[in-house]
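Since the structure comes first, as structure tokens, the remarks are kept for the end.
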Amino acid sequence: MSTGEILVTGGTGFIGSHCCVSLMKQGYRVVVVDNLSNSDAGVIDRIASITGSRPAFYIADVRNADEMDRVLRRHDISAAIHFAGLKAVGESVAVPLRYFDNNVGGTIALCQVLNTHGIKRLIFSSSATVYGAPDRVPVAEDAPLRPASPYGHSKAMVEQILADLSHADPEWRIGILRYFNPAGAHESGLIGESPRGTPNNLVPFLAQVAAGQRDALNIFGNDYPTPDGTGIRDYIHVMDLAEGHCAALEALLQGQPGFTVNLGSGRGHSVLDVVRAFEAACGHAIPCHHAPRRAGDVAEYYADPSRAMTLLGWESRRDLESICRDAWHSQCRQSNGASQR
Ligand code: NAD
Ligand code: UD1
């Protein structure tokens with residue numbers, strides 16, 4: 001499938017770039033908008049290398065109505081996938097206004113300009129962070145929302161705004177996707193995660209330690225009430241996530257009403273599980289130290305992904321080994337200067 005152009009905001013970022021690849025492989029024409037605040041324009045070349053064709057690309061900020069209007073006038077967009085936003089939890093605590101401006105203000109501005117152009121199909125990148133510390137695992141979509149950071153609040157606020165928008169105007173069909181822990185890279189290694197500065201997340205940090213760019217992994221806490229004492233998360237391969245977006249888009253374009261779904265694997269892995277899998281992928285031991293728990297971390301969460309299967313016919317297919325293998329491949333290509341920034 002399919003016809004129509006798809007607007008992808010944040011399309012040169014980590015998840016957006018992989019989603020562009022999946023969309024283009026499925027025959028969609030893609031229009032990327034990104035302000036390059038956390039990515040590089042060279043990603044477009046690498047998407048073109050993988051897919052054999054180039055998405056349209058505009059350097060623009062979703063908060064700039066004039067720029068967005070100009071883009072939408074030039075294309076026949078049938079739906080938008082909105083990845084553009086800021087995502088660092090710690091930074092959001094330090095500069096909350098920047099997060100509300102970009103994540104909440106950016107989404108409002110985007111919806112306004114889409115509305116003006118009569119484009120009322122939208123997929124939004126939310127996060128399992130909206131659940132905060134869950135009462136039970138696996139976490140289903142009807143679990144209480146208790147975001148614990150300005151970043152998490154910004155996602156929960158946008159979810160509310162989008163619910164109110166589709167309530168006010170039923171022509172809007174909006175898919176809210178709550179991602180668990182995206183990791184890995186496209187199997188080519190040409191695109192992947194390339195965080196600026198020190199990585200906050202486990203897999204990119206491990207990749208840099210394995211590549212010798214950092215001395216050791218600090219394991220944040222080994223006294224959690226989990227089998228090996230380290231935190232348990234639901235790591236989902238970024239290509240599975242990308243395919244989940246295609247399934248969500250397909251559902252919206254075929255007339256399905258709006259939905260909120262978890263995108264996770266439904267499996268929990270401890271920090272030590274991930275370290276072992278990464279060691280197997282890179283072929284050598286990775287130095288680790290035990291460190292105190294990280295503020296704000298919870299012991300364990302993983303998704304109940306059953307609604308995604310019921311509504312979208314989607315489930316994750318790739319395992320932790322694939323995540324680590326592809327993250328390592330991408331890291332090696334980056335180290336050789338072949339990828340990312
Ligand atoms: P990313 O930083 O790699 O990609 C986001 C992209 O958006 C970047 O290319 C950045 O330059 C762009 N951008 C930011 N603000 C913009 C603006 N105002 N206008 C235009 N472009 C802008 O992040 P990612 O990991 O690909 O995350 C994508 C989305 O998914 C984000 O909304 C994030 O909050 C959400 N999410 C990510 C994770 C994760 O672990 N990576 C988990 C849950 C949810
Ligand atoms: C973090 C974010 C969350 C976001 C998610 C996915 C916080 C508090 N939460 O969650 O909002 O949705 O990423 O992007 O930042 N770990 C180490 N050493 C490290 C890094 C991580 O031991 O150097 C551990 C953590 O304690 C955790 C696990 O690895 O147990 C995963 O950490 P991380 O990748 O940061 O993801 P989350 O904590 O789930």
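A note on labels: chains of the structure tokens are A, B, ... as shown, every chain counts residues from 1, and ligands are counted from 1 in their shown order.
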Could you give me, as a PyMOL selection string, every polymer residue with an atom at most 7 Å away from an atom of ligand 1, counting only C-alpha atoms and all ligand atoms? chain A and resi 9-16+33-39+60-63+83-87+102+106+125-128+178-182+193
Selection within 9 Å of ligand 2 by only C-alpha atoms and all ligand atoms, output as number ranges by chain: A: 87-90, 126-130, 132, 147-149, 151-152, 178-183, 199-206, 217-222, 230-235, 270-272, 274, 290-291, 293-301
Filtered DSSP result for region 12-242 of chain A, state strand (DSSP E), as a count of residues only: 42
Shell around Asp273 (chain A) at 10 Å using only C-alpha atoms, local window under 4 positions removed, as a VMD selection string: chain A and resid 228 230 232 268 to 269 277 to 279 320
Which residues come within 12 Å of Met309 (chain A), counting only C-alpha atoms, excluding same-chain residues fewer than 2 positions away, as a list in words? Gly244, Ala247, Ala248, Ala251, Val261, Asn262, Leu263, Gly264, Ser265, Gly266, Asp304, Pro305, Ser306, Arg307, Leu311, Leu312, Gly313, Trp314, Glu315 and Ser316 of chain A
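One finds CA of Val43 (chain A) at 16.7 Å from CA of Arg29 (chain A).
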Determine which residues of region 125-278 of chain A DSSP labels as helix (DSSP H, G or I) from the backbone of this structure, then write them out as a PyMOL selection string. chain A and resi 128-131+150-168+202-210+238-253+271-278
Show me, as number ranges by chain, the residues that have an atom within 9 Å of Leu253 (chain A) when counting only C-alpha atoms, minus same-chain residues fewer than 5 positions from it. A: 78-79, 121, 173, 248
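When CA of Met68 (chain A) is paired with CA of Leu122 (chain A), their separation reads 15.3 Å.
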Give me the residues within 6 Å of Gly175 (chain A) as a count of residues only, counting only C-alpha atoms and dropping any in the same chain fewer than 3 places off. 4
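For the residues A:Cys332, A:Cys288, A:Leu162, A:Val238, ranking by smallest atom-to-atom distance to Arg318 (chain A) using only C-alpha atoms places A:Val238 first.
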Measuring atom to atom with only C-alpha atoms, identify which of A:Ala211, A:Ile236, A:Ile286, A:Leu241 is nearest to Gln334 (chain A). A:Ala211
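Between CA of Ser330 (chain A) and CA of Asp240 (chain A) there is a distance of 16.5 Å.
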Given the choices A:Asp135, A:Asp223, A:Glu5, A:Asp40, which gets closest to Arg196 (chain A) if the distance is worked out from only C-alpha atoms? A:Asp40
Leaving out Cys282 (chain A) and any residue of its chain fewer than 6 positions from it, which residues lie within 8 Å of it when counting only C-alpha atoms, given as a PyMOL selection string? chain A and resi 210+325+328
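Of the listed residues (A:Ala109, A:Ile176, A:Cys246, A:Arg267), A:Cys246 comes nearest to Met24 (chain A); the distances count only C-alpha atoms.
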